[in-house]
>>> print(open('my_file23.csv').read())   # CSV, C-alpha atoms and all ligand atoms
chain,number,residue,atom,x,y,z
H,163,MET,CA,0.0,0.0,0.0
H,164,THR,CA,1.4,3.5,-0.9
H,165,LEU,CA,0.6,6.2,1.7
H,166,PRO,CA,-0.3,9.6,0.5
H,167,LEU,CA,2.6,12.1,0.8
H,168,LYS,CA,0.9,13.9,3.8
H,169,ASP,CA,0.8,10.6,5.8
H,170,LEU,CA,4.5,9.6,5.2
H,171,PRO,CA,6.7,9.8,8.3
H,172,LEU,CA,9.0,12.9,8.3
H,173,ALA,CA,12.1,10.7,8.1
H,174,GLU,CA,11.0,9.3,4.7
H,175,LEU,CA,10.3,12.8,3.4
H,176,ALA,CA,13.7,14.2,4.5
H,177,GLY,CA,15.5,12.7,1.5
H,178,VAL,CA,17.3,15.7,0.1
H,179,GLU,CA,21.1,15.8,0.7
H,180,LYS,CA,22.8,19.1,1.7
H,181,GLN,CA,24.8,19.1,-1.5
H,182,ALA,CA,21.8,18.5,-3.7
H,183,PHE,CA,20.0,21.4,-1.9
H,184,ARG,CA,23.0,23.7,-2.5
H,185,ASP,CA,23.3,22.7,-6.2
H,186,ALA,CA,19.6,23.5,-6.7
H,187,MET,CA,19.9,26.8,-4.7
H,188,ALA,CA,22.8,27.8,-7.1
H,189,HIS,CA,20.1,28.0,-9.8
H,190,LEU,CA,18.3,30.8,-7.9
H,191,GLY,CA,19.7,34.2,-8.8
H,192,SER,CA,19.8,36.6,-5.9
H,193,ALA,CA,20.9,40.1,-5.0
H,194,VAL,CA,24.1,40.5,-3.0
H,195,ASN,CA,24.2,42.5,0.2
H,196,ILE,CA,26.7,43.5,2.8
H,197,ILE,CA,25.0,43.4,6.2
H,198,THR,CA,26.7,45.8,8.7
H,199,THR,CA,26.3,46.6,12.4
H,200,ASP,CA,27.9,48.8,15.0
H,201,GLY,CA,27.2,49.2,18.7
H,202,PRO,CA,28.2,48.0,22.1
H,203,ALA,CA,29.7,44.8,20.7
H,204,GLY,CA,31.7,46.6,18.0
H,205,ARG,CA,31.6,46.9,14.2
H,206,ALA,CA,31.1,43.9,11.9
H,207,GLY,CA,29.9,43.0,8.4
H,208,PHE,CA,29.3,40.0,6.2
H,209,THR,CA,28.0,39.2,2.7
H,210,ALA,CA,24.5,37.8,2.5
H,211,SER,CA,22.3,36.6,-0.4
H,212,ALA,CA,19.6,35.2,2.0
H,213,VAL,CA,17.7,38.5,2.3
H,214,CYS,CA,14.0,38.9,1.6
H,215,SER,CA,11.2,41.4,1.9
H,216,VAL,CA,8.6,40.2,4.5
H,217,THR,CA,6.0,42.9,4.7
H,218,ASP,CA,5.6,46.7,4.1
H,219,THR,CA,3.5,47.2,7.2
H,220,PRO,CA,5.7,47.7,9.1
H,221,PRO,CA,8.5,47.7,6.5
H,222,THR,CA,10.4,44.5,7.3
H,223,LEU,CA,13.2,42.5,5.8
H,224,LEU,CA,14.6,39.1,6.8
H,225,VAL,CA,18.3,38.2,6.9
H,226,CYS,CA,19.5,34.7,7.5
H,227,LEU,CA,22.8,34.5,9.5
H,228,ASN,CA,24.8,31.4,10.1
H,229,ARG,CA,25.4,31.0,13.8
H,230,SER,CA,28.9,29.7,13.1
H,231,ALA,CA,30.0,33.0,11.4
H,232,SER,CA,32.6,35.0,13.3
H,233,VAL,CA,30.3,38.0,13.2
H,234,TYR,CA,27.4,36.2,14.8
H,235,PRO,CA,28.0,37.3,18.5
H,236,ILE,CA,28.4,40.9,17.4
H,237,PHE,CA,25.0,41.0,15.5
H,238,GLU,CA,23.4,39.0,18.4
H,239,GLN,CA,24.4,41.7,20.9
H,240,ASN,CA,24.0,44.9,18.8
H,241,GLN,CA,20.4,44.2,17.6
H,242,VAL,CA,20.7,46.8,14.8
H,243,LEU,CA,22.0,46.4,11.3
H,244,CYS,CA,22.1,47.9,7.8
H,245,VAL,CA,21.4,45.9,4.6
H,246,ASN,CA,23.6,47.4,1.9
H,247,THR,CA,22.5,46.0,-1.5
H,248,LEU,CA,25.5,45.9,-3.8
H,249,SER,CA,26.0,47.4,-7.3
H,250,ASP,CA,28.0,45.9,-10.2
H,251,LEU,CA,31.1,47.7,-8.9
H,252,HIS,CA,31.2,45.8,-5.6
H,253,GLU,CA,32.2,42.3,-6.6
H,254,SER,CA,35.6,42.4,-4.8
H,255,LEU,CA,34.0,44.0,-1.7
H,256,SER,CA,31.5,41.2,-1.6
H,257,ASN,CA,34.3,38.6,-1.6
H,258,LEU,CA,36.1,40.5,1.2
H,259,PHE,CA,33.0,40.4,3.4
H,260,GLY,CA,32.3,36.8,2.3
H,261,GLY,CA,34.6,35.3,4.9
H,262,LYS,CA,38.0,34.9,6.6
H,263,THR,CA,39.2,38.5,6.1
H,264,PRO,CA,39.9,40.4,9.3
H,265,MET,CA,37.1,43.0,10.1
H,266,GLU,CA,39.3,46.1,9.7
H,267,ALA,CA,40.5,45.0,6.3
H,268,ARG,CA,36.9,44.5,5.2
H,269,PHE,CA,35.8,48.0,6.2
H,270,SER,CA,39.0,49.8,5.1
H,271,ALA,CA,38.3,48.8,1.5
H,272,ALA,CA,35.3,51.2,1.1
H,273,GLN,CA,33.8,54.4,2.5
H,274,TRP,CA,30.9,54.4,5.0
H,275,LEU,CA,28.3,56.7,6.4
H,276,THR,CA,26.7,56.3,9.8
H,277,MET,CA,23.0,55.7,9.9
H,278,ALA,CA,20.6,56.6,12.7
H,279,THR,CA,21.0,53.1,14.4
H,280,GLY,CA,24.8,53.6,14.3
H,281,SER,CA,25.2,50.9,11.6
H,282,PRO,CA,27.5,51.7,8.7
H,283,ALA,CA,26.0,52.4,5.2
H,284,LEU,CA,28.2,51.7,2.2
H,285,GLN,CA,28.7,54.8,0.1
H,286,GLY,CA,27.6,53.9,-3.5
H,287,ALA,CA,25.4,51.0,-2.5
H,288,LEU,CA,22.3,50.6,-4.6
H,289,THR,CA,20.2,50.8,-1.4
H,290,SER,CA,20.9,50.9,2.3
H,291,PHE,CA,18.2,49.8,4.7
H,292,ASP,CA,18.8,50.9,8.3
H,293,CYS,CA,17.1,48.5,10.6
H,294,ARG,CA,16.3,47.4,14.1
H,295,VAL,CA,16.1,43.7,14.7
H,296,SER,CA,12.5,43.1,15.8
H,297,GLN,CA,12.4,39.3,16.0
H,298,VAL,CA,14.8,36.3,15.7
H,299,THR,CA,13.9,32.7,14.9
H,300,GLN,CA,16.3,29.9,14.9
H,301,VAL,CA,16.1,27.4,11.9
H,302,GLY,CA,18.7,24.7,11.7
H,303,THR,CA,22.2,26.3,11.5
H,304,HIS,CA,20.9,29.9,10.9
H,305,ASP,CA,19.2,32.7,12.8
H,306,VAL,CA,16.4,34.4,10.8
H,307,LEU,CA,16.6,38.1,11.7
H,308,PHE,CA,13.4,40.0,11.1
H,309,CYS,CA,14.5,43.6,10.6
H,310,GLU,CA,12.2,46.7,10.9
H,311,VAL,CA,13.4,49.3,8.4
H,312,ILE,CA,13.7,52.8,9.9
H,313,ASP,CA,15.5,54.6,7.2
H,314,ILE,CA,16.6,54.1,3.6
H,315,LEU,CA,19.3,55.6,1.3
H,316,ARG,CA,18.9,54.9,-2.5
H,317,SER,CA,21.1,55.4,-5.6
H,318,ASP,CA,18.9,55.3,-8.7
H,319,ASP,CA,21.8,55.3,-11.2
H,320,SER,CA,23.9,52.3,-10.4
H,321,HIS,CA,23.6,48.9,-12.0
H,322,GLY,CA,22.8,45.8,-10.0
H,323,LEU,CA,24.8,42.7,-9.0
H,324,VAL,CA,23.3,39.2,-9.0
H,325,TYR,CA,24.8,36.0,-7.6
H,326,PHE,CA,23.8,33.1,-9.9
H,327,ASP,CA,25.5,29.7,-10.6
H,328,ARG,CA,28.2,30.5,-8.0
H,329,ARG,CA,29.3,33.6,-9.9
H,330,TYR,CA,28.6,37.3,-9.9
H,331,HIS,CA,26.7,38.9,-12.9
H,332,PRO,CA,26.2,42.6,-13.5
H,333,LEU,CA,22.5,43.5,-14.0
H,334,MET,CA,22.1,46.5,-16.3
H,335,ARG,CA,19.3,49.1,-15.9
H,336,GLN,CA,17.3,49.7,-19.1
H,337,LYS,CA,17.8,53.3,-20.3
H,338,THR,CA,14.3,55.0,-20.3
H,339,SER,CA,13.5,56.4,-23.8
H,340,ALA,CA,12.8,60.2,-23.9
C,401,LIG,N1,22.5,31.3,3.3
C,401,LIG,C1,23.8,31.1,3.4
C,401,LIG,O1,24.3,30.9,4.5
C,401,LIG,C2,24.7,31.2,2.2
C,401,LIG,C3,24.2,31.7,1.0
C,401,LIG,C4,25.1,31.8,-0.1
C,401,LIG,C5,26.4,31.5,0.1
C,401,LIG,N2,26.9,31.1,1.4
C,401,LIG,C6,28.3,30.7,1.6
C,401,LIG,O2,29.1,31.3,0.6
C,401,LIG,C7,30.1,30.4,0.2
C,401,LIG,C8,30.0,30.3,-1.4
C,401,LIG,O3,28.7,29.9,-1.8
C,401,LIG,P1,28.4,29.4,-3.2
C,401,LIG,O4,27.0,29.9,-3.5
C,401,LIG,O5,29.5,29.9,-4.1
C,401,LIG,O6,28.5,27.8,-3.2
C,401,LIG,P2,27.7,26.8,-2.3
C,401,LIG,O7,27.7,25.5,-3.1
C,401,LIG,O8,28.3,26.7,-1.0
C,401,LIG,O9,26.2,27.3,-2.2
C,401,LIG,C9,25.2,27.2,-3.3
C,401,LIG,C10,24.0,27.9,-2.8
C,401,LIG,O10,23.4,27.1,-1.7
C,401,LIG,C11,22.9,28.0,-0.7
C,401,LIG,N3,23.7,27.8,0.6
C,401,LIG,C12,25.1,27.6,0.7
C,401,LIG,N4,25.4,27.5,1.9
C,401,LIG,C13,24.3,27.5,2.6
C,401,LIG,C14,24.0,27.4,4.0
C,401,LIG,N5,25.0,27.1,4.9
C,401,LIG,N6,22.7,27.5,4.4
C,401,LIG,C15,21.7,27.7,3.5
C,401,LIG,N7,21.9,27.8,2.2
C,401,LIG,C16,23.2,27.7,1.8
C,401,LIG,C17,23.0,29.4,-1.2
C,401,LIG,O11,21.8,29.7,-1.9
C,401,LIG,C18,24.2,29.3,-2.2
C,401,LIG,O12,24.2,30.3,-3.2
C,401,LIG,C19,29.9,29.1,0.9
C,401,LIG,O13,30.7,29.1,2.0
C,401,LIG,C20,28.4,29.2,1.3
C,401,LIG,O14,28.1,28.4,2.5
C,401,LIG,C21,26.0,30.9,2.4
C,402,LIG,C1,27.8,35.5,-2.3
C,402,LIG,C2,27.8,35.1,-0.8
C,402,LIG,C3,26.6,35.0,-0.2
C,402,LIG,C4,26.5,34.7,1.2
C,402,LIG,C5,27.7,34.4,1.9
C,402,LIG,C6,28.9,34.4,1.2
C,402,LIG,C7,29.0,34.8,-0.1
C,402,LIG,C8,30.3,34.9,-0.8
C,402,LIG,N1,27.6,34.0,3.2
C,402,LIG,C9,28.8,33.7,4.0
C,402,LIG,C10,29.2,34.8,4.9
C,402,LIG,O1,29.4,36.0,4.1
C,402,LIG,C11,30.5,34.5,5.7
C,402,LIG,O2,30.2,33.4,6.4
C,402,LIG,C12,30.7,35.7,6.6
C,402,LIG,O3,31.5,36.6,5.9
C,402,LIG,C13,31.4,35.3,7.9
C,402,LIG,O4,32.7,34.8,7.6
C,402,LIG,P1,33.7,34.6,8.8
C,402,LIG,O5,33.1,33.6,9.7
C,402,LIG,O6,33.8,36.0,9.4
C,402,LIG,O7,35.0,34.2,8.1
C,402,LIG,C14,26.4,34.0,3.9
C,402,LIG,N2,26.3,33.7,5.2
C,402,LIG,C15,25.1,33.8,5.8
C,402,LIG,O8,25.1,33.5,7.0
C,402,LIG,N3,24.0,34.1,5.2
C,402,LIG,C16,24.0,34.4,3.8
C,402,LIG,O9,23.0,34.8,3.3
C,402,LIG,C17,25.2,34.4,3.1
C,402,LIG,N4,25.3,34.6,1.8
>>> encode(input="my_file23.csv", output="structure tokens")
Amino acid sequence: MTLPLKDLPLAELAGVEKQAFRDAMAHLGSAVNIITTDGPAGRAGFTASAVCSVTDTPPTLLVCLNRSASVYPIFEQNQVLCVNTLSDLHESLSNLFGGKTPMEARFSAAQWLTMATGSPALQGALTSFDCRVSQVTQVGTHDVLFCEVIDILRSDDSHGLVYFDRRYHPLMRQKTSA
């Protein structure tokens, strides 16, 4: 007898290996962001593609942060952050913030403004969302940070940057015809 999918025990449904999941996820193009924070625990930043709009009332983003990242305790304590969405000019900066580089070397490679929460905003970012962390949920290896947006900086001229198939791709704006 074959059981309907909804009646199968969870163990039999949990059949996707981590590598198969990652290979499939590499097919989802995503924006690239540098998430920054500053506060009592100090300044830190990391590259993140796991960023998503949740609701516009109140304006809220989510950011997924691996609890094994060196920056994790700093974000956990500060409870504020800035989501800096990268332009096509920021590929090497994304790699610097993507792991293993000392924090001072990451920040000294670019220019930063200070937002109302104290979090650094990347000069020249496509968009900077200044946020307070409003809720945190743990799922597996990651914390899902729900972030209420309290201020926004925008650059309407820059091109975009997409991470797809484990590589960066520039995303050009269409010129509007006169
Ligand atoms: N959500 C994440 O934590 C996340 C996302 C992208 C990349 N990364 C890290 O960046 C590095 C390079 O990644 P890559 O895309 O070139 O190759 P990869 O094979 O490590 O990852 C492919 C895709 O799988 C997903 N992924 C990777 N690691 C994950 C994790 N720990 N949890 C949830 N999803 C994950 C992402 O969508 C990623 O783009 C790796 O160390 C990877 O772990 C982490
Ligand atoms: C393109 C791309 C995208 C992501 C990442 C990397 C890269 C290159 N990394 C990994 C993350 O940036 C890295 O773990 C941190 O920089 C922390 O590294 P250290 O522990 O400080 O070396 C990452 N980590 C995370 O927790 N959530 C995410 O969404 C992403 N996305």
>>> closest_atom_pairs(input="my_file23.csv", of="chain H", to="ligand LIG 402 (chain C)", cutoff="6 Å", atoms="all atoms listed in the file", output="JSON lines")
{"residue": "H:Phe208", "atom": "CA", "partner": "C:LIG402", "partner_atom": "O3", "distance": 4.1}
{"residue": "H:Thr209", "atom": "CA", "partner": "C:LIG402", "partner_atom": "O1", "distance": 3.8}
{"residue": "H:Ala210", "atom": "CA", "partner": "C:LIG402", "partner_atom": "N4", "distance": 3.4}
{"residue": "H:Ser211", "atom": "CA", "partner": "C:LIG402", "partner_atom": "O9", "distance": 4.2}
{"residue": "H:Ala212", "atom": "CA", "partner": "C:LIG402", "partner_atom": "O9", "distance": 3.7}
{"residue": "H:Cys226", "atom": "CA", "partner": "C:LIG402", "partner_atom": "N3", "distance": 5.1}
{"residue": "H:Leu227", "atom": "CA", "partner": "C:LIG402", "partner_atom": "O8", "distance": 3.5}
{"residue": "H:Asn228", "atom": "CA", "partner": "C:LIG402", "partner_atom": "O8", "distance": 3.8}
{"residue": "H:Ala231", "atom": "CA", "partner": "C:LIG402", "partner_atom": "O5", "distance": 3.6}
{"residue": "H:Ser232", "atom": "CA", "partner": "C:LIG402", "partner_atom": "O5", "distance": 3.9}
{"residue": "H:Val233", "atom": "CA", "partner": "C:LIG402", "partner_atom": "O6", "distance": 5.5}
{"residue": "H:Asn257", "atom": "CA", "partner": "C:LIG402", "partner_atom": "C8", "distance": 5.5}
{"residue": "H:Phe259", "atom": "CA", "partner": "C:LIG402", "partner_atom": "O3", "distance": 4.8}
{"residue": "H:Gly260", "atom": "CA", "partner": "C:LIG402", "partner_atom": "O1", "distance": 3.5}
{"residue": "H:Gly261", "atom": "CA", "partner": "C:LIG402", "partner_atom": "O4", "distance": 3.3}
{"residue": "H:Lys262", "atom": "CA", "partner": "C:LIG402", "partner_atom": "O7", "distance": 3.4}
>>> residues_around(input="my_file23.csv", residues="range 249-256 of chain H", least_positions_apart="5", cutoff="12 Å", atoms="all atoms listed in the file", output="JSON, numbers by chain")
{"H": [193, 194, 195, 196, 197, 207, 208, 209, 210, 211, 261, 263, 267, 268, 269, 270, 271, 272, 273, 284, 285, 286, 287, 288, 289, 290, 316, 317, 318, 319, 320, 321, 322, 323, 324, 325, 329, 330, 331, 332, 333, 334, 335]}
>>> closest_residue(input="my_file23.csv", among="H:Val213, H:Cys244, H:Leu307, H:Val178", to="ligand LIG 401 (chain C)", atoms="all atoms listed in the file")
H:Val213
>>> residues_around(input="my_file23.csv", residues="Met187 in chain H", least_positions_apart="4", cutoff="12 Å", atoms="all atoms listed in the file", output="list of chain:residue names")
H:Lys180, H:Gln181, H:Ala182, H:Phe183, H:Gly191, H:Ser192, H:Ser211, H:Ala212, H:Tyr325, H:Phe326, H:Asp327, H:Arg328
>>> write_last_selection(input="my_file23.csv", atoms="C-alpha atoms", output="short mmCIF file (atom, residue, chain, number, x, y, z; two decimals), in the frame of the given file")
data_model
loop_
_atom_site.label_atom_id
_atom_site.label_comp_id
_atom_site.auth_asym_id
_atom_site.auth_seq_id
_atom_site.Cartn_x
_atom_site.Cartn_y
_atom_site.Cartn_z
CA LYS H 180 22.80 19.10 1.70
CA GLN H 181 24.80 19.10 -1.50
CA ALA H 182 21.80 18.50 -3.70
CA PHE H 183 20.00 21.40 -1.90
CA GLY H 191 19.70 34.20 -8.80
CA SER H 192 19.80 36.60 -5.90
CA SER H 211 22.30 36.60 -0.40
CA ALA H 212 19.60 35.20 2.00
CA TYR H 325 24.80 36.00 -7.60
CA PHE H 326 23.80 33.10 -9.90
CA ASP H 327 25.50 29.70 -10.60
CA ARG H 328 28.20 30.50 -8.00
#
>>> atom_distance(input="my_file23.csv", atom1="atom N3 of ligand LIG 401 (chain C)", atom2="CA of Arg184 in chain H")
5.2 Å
>>> residues_around(input="my_file23.csv", residues="Thr198 in chain H", least_positions_apart="6", cutoff="8 Å", atoms="all atoms listed in the file", output="PyMOL selection string")
chain H and resi 205-208+243-246+281-283
>>> closest_residue(input="my_file23.csv", among="H:Gly177, H:Pro220, H:Pro166, H:Gly302", to="ligand LIG 401 (chain C)", atoms="only C-alpha atoms and all ligand atoms")
H:Gly302
>>> atom_distance(input="my_file23.csv", atom1="atom N5 of ligand LIG 401 (chain C)", atom2="CA of Gln241 in chain H")
21.8 Å
>>> atom_distance(input="my_file23.csv", atom1="CA of Asn240 in chain H", atom2="CA of Gly204 in chain H")
7.9 Å
>>> closest_residue(input="my_file23.csv", among="H:Ala188, H:Val225, H:Val216, H:Ala203", to="Asp305 in chain H", atoms="all atoms listed in the file")
H:Val225
>>> closest_residue(input="my_file23.csv", among="H:Leu258, H:Val306, H:Val242, H:Met277", to="Gly201 in chain H", atoms="all atoms listed in the file")
H:Val242
>>> closest_residue(input="my_file23.csv", among="H:Leu190, H:Phe291, H:Glu179, H:Cys309", to="ligand LIG 401 (chain C)", atoms="all atoms listed in the file")
H:Leu190
>>> closest_residue(input="my_file23.csv", among="H:Val301, H:Leu248, H:Met265, H:Ile236", to="ligand LIG 401 (chain C)", atoms="only C-alpha atoms and all ligand atoms")
H:Val301
>>> decode(input="my_file23.csv", residues="range 230-261 of chain H", atoms="N, CA and C atoms", output="mmCIF file, in the first residue's frame")
data_model
loop_
_atom_site.group_PDB
_atom_site.id
_atom_site.type_symbol
_atom_site.label_atom_id
_atom_site.label_comp_id
_atom_site.auth_asym_id
_atom_site.auth_seq_id
_atom_site.Cartn_x
_atom_site.Cartn_y
_atom_site.Cartn_z
ATOM 1 N N SER H 230 27.499 29.999 12.999
ATOM 2 C CA SER H 230 28.926 29.685 13.115
ATOM 3 C C SER H 230 29.808 30.804 12.545
ATOM 4 N N ALA H 231 29.209 31.856 11.975
ATOM 5 C CA ALA H 231 30.002 32.953 11.414
ATOM 6 C C ALA H 231 30.693 33.723 12.542
ATOM 7 N N SER H 232 31.895 34.225 12.257
ATOM 8 C CA SER H 232 32.644 34.965 13.291
ATOM 9 C C SER H 232 31.890 36.210 13.751
ATOM 10 N N VAL H 233 31.057 36.758 12.855
ATOM 11 C CA VAL H 233 30.335 37.998 13.163
ATOM 12 C C VAL H 233 29.092 37.751 14.037
ATOM 13 N N TYR H 234 28.711 36.495 14.191
ATOM 14 C CA TYR H 234 27.407 36.193 14.811
ATOM 15 C C TYR H 234 27.230 36.837 16.193
ATOM 16 N N PRO H 235 28.216 36.686 17.120
ATOM 17 C CA PRO H 235 27.991 37.251 18.462
ATOM 18 C C PRO H 235 27.831 38.774 18.442
ATOM 19 N N ILE H 236 28.444 39.413 17.466
ATOM 20 C CA ILE H 236 28.370 40.882 17.389
ATOM 21 C C ILE H 236 26.962 41.309 16.962
ATOM 22 N N PHE H 237 26.420 40.643 15.926
ATOM 23 C CA PHE H 237 25.038 40.956 15.501
ATOM 24 C C PHE H 237 24.039 40.608 16.613
ATOM 25 N N GLU H 238 24.305 39.502 17.298
ATOM 26 C CA GLU H 238 23.386 39.045 18.351
ATOM 27 C C GLU H 238 23.262 40.105 19.451
ATOM 28 N N GLN H 239 24.393 40.746 19.778
ATOM 29 C CA GLN H 239 24.359 41.744 20.863
ATOM 30 C C GLN H 239 23.863 43.107 20.406
ATOM 31 N N ASN H 240 24.266 43.545 19.203
ATOM 32 C CA ASN H 240 23.953 44.929 18.809
ATOM 33 C C ASN H 240 22.476 45.154 18.504
ATOM 34 N N GLN H 241 21.814 44.134 17.897
ATOM 35 C CA GLN H 241 20.358 44.232 17.612
ATOM 36 C C GLN H 241 19.984 45.342 16.627
ATOM 37 N N VAL H 242 20.970 45.888 15.911
ATOM 38 C CA VAL H 242 20.712 46.829 14.814
ATOM 39 C C VAL H 242 21.588 46.381 13.649
ATOM 40 N N LEU H 243 21.142 46.719 12.420
ATOM 41 C CA LEU H 243 21.968 46.385 11.260
ATOM 42 C C LEU H 243 21.550 47.237 10.067
ATOM 43 N N CYS H 244 22.433 47.255 9.061
ATOM 44 C CA CYS H 244 22.119 47.935 7.808
ATOM 45 C C CYS H 244 22.317 46.940 6.666
ATOM 46 N N VAL H 245 21.291 46.795 5.827
ATOM 47 C CA VAL H 245 21.364 45.925 4.645
ATOM 48 C C VAL H 245 21.790 46.799 3.464
ATOM 49 N N ASN H 246 23.023 46.591 2.980
ATOM 50 C CA ASN H 246 23.563 47.374 1.871
ATOM 51 C C ASN H 246 23.536 46.517 0.615
ATOM 52 N N THR H 247 22.640 46.828 -0.309
ATOM 53 C CA THR H 247 22.511 46.045 -1.545
ATOM 54 C C THR H 247 23.553 46.534 -2.545
ATOM 55 N N LEU H 248 24.335 45.579 -3.072
ATOM 56 C CA LEU H 248 25.537 45.937 -3.840
ATOM 57 C C LEU H 248 25.224 46.235 -5.301
ATOM 58 N N SER H 249 26.074 47.085 -5.872
ATOM 59 C CA SER H 249 26.000 47.382 -7.307
ATOM 60 C C SER H 249 27.022 46.524 -8.045
ATOM 61 N N ASP H 250 27.028 46.645 -9.364
ATOM 62 C CA ASP H 250 27.960 45.856 -10.190
ATOM 63 C C ASP H 250 29.428 46.191 -9.907
ATOM 64 N N LEU H 251 29.696 47.306 -9.204
ATOM 65 C CA LEU H 251 31.081 47.699 -8.916
ATOM 66 C C LEU H 251 31.629 47.045 -7.636
ATOM 67 N N HIS H 252 30.813 46.232 -6.973
ATOM 68 C CA HIS H 252 31.167 45.782 -5.625
ATOM 69 C C HIS H 252 31.534 44.304 -5.512
ATOM 70 N N GLU H 253 31.891 43.698 -6.636
ATOM 71 C CA GLU H 253 32.186 42.260 -6.589
ATOM 72 C C GLU H 253 33.340 41.930 -5.625
ATOM 73 N N SER H 254 34.441 42.704 -5.688
ATOM 74 C CA SER H 254 35.588 42.361 -4.827
ATOM 75 C C SER H 254 35.254 42.661 -3.358
ATOM 76 N N LEU H 255 34.439 43.701 -3.114
ATOM 77 C CA LEU H 255 34.030 43.996 -1.736
ATOM 78 C C LEU H 255 33.176 42.842 -1.184
ATOM 79 N N SER H 256 32.316 42.285 -2.043
ATOM 80 C CA SER H 256 31.496 41.151 -1.632
ATOM 81 C C SER H 256 32.377 39.978 -1.211
ATOM 82 N N ASN H 257 33.439 39.735 -1.962
ATOM 83 C CA ASN H 257 34.332 38.624 -1.603
ATOM 84 C C ASN H 257 35.054 38.905 -0.284
ATOM 85 N N LEU H 258 35.458 40.174 -0.067
ATOM 86 C CA LEU H 258 36.134 40.520 1.200
ATOM 87 C C LEU H 258 35.229 40.245 2.396
ATOM 88 N N PHE H 259 33.941 40.612 2.263
ATOM 89 C CA PHE H 259 32.994 40.425 3.378
ATOM 90 C C PHE H 259 32.424 39.002 3.390
ATOM 91 N N GLY H 260 32.858 38.170 2.431
ATOM 92 C CA GLY H 260 32.316 36.815 2.311
ATOM 93 C C GLY H 260 33.032 35.798 3.171
ATOM 94 N N GLY H 261 33.979 36.234 3.997
ATOM 95 C CA GLY H 261 34.553 35.289 4.944
ATOM 96 C C GLY H 261 36.056 35.380 5.063
#
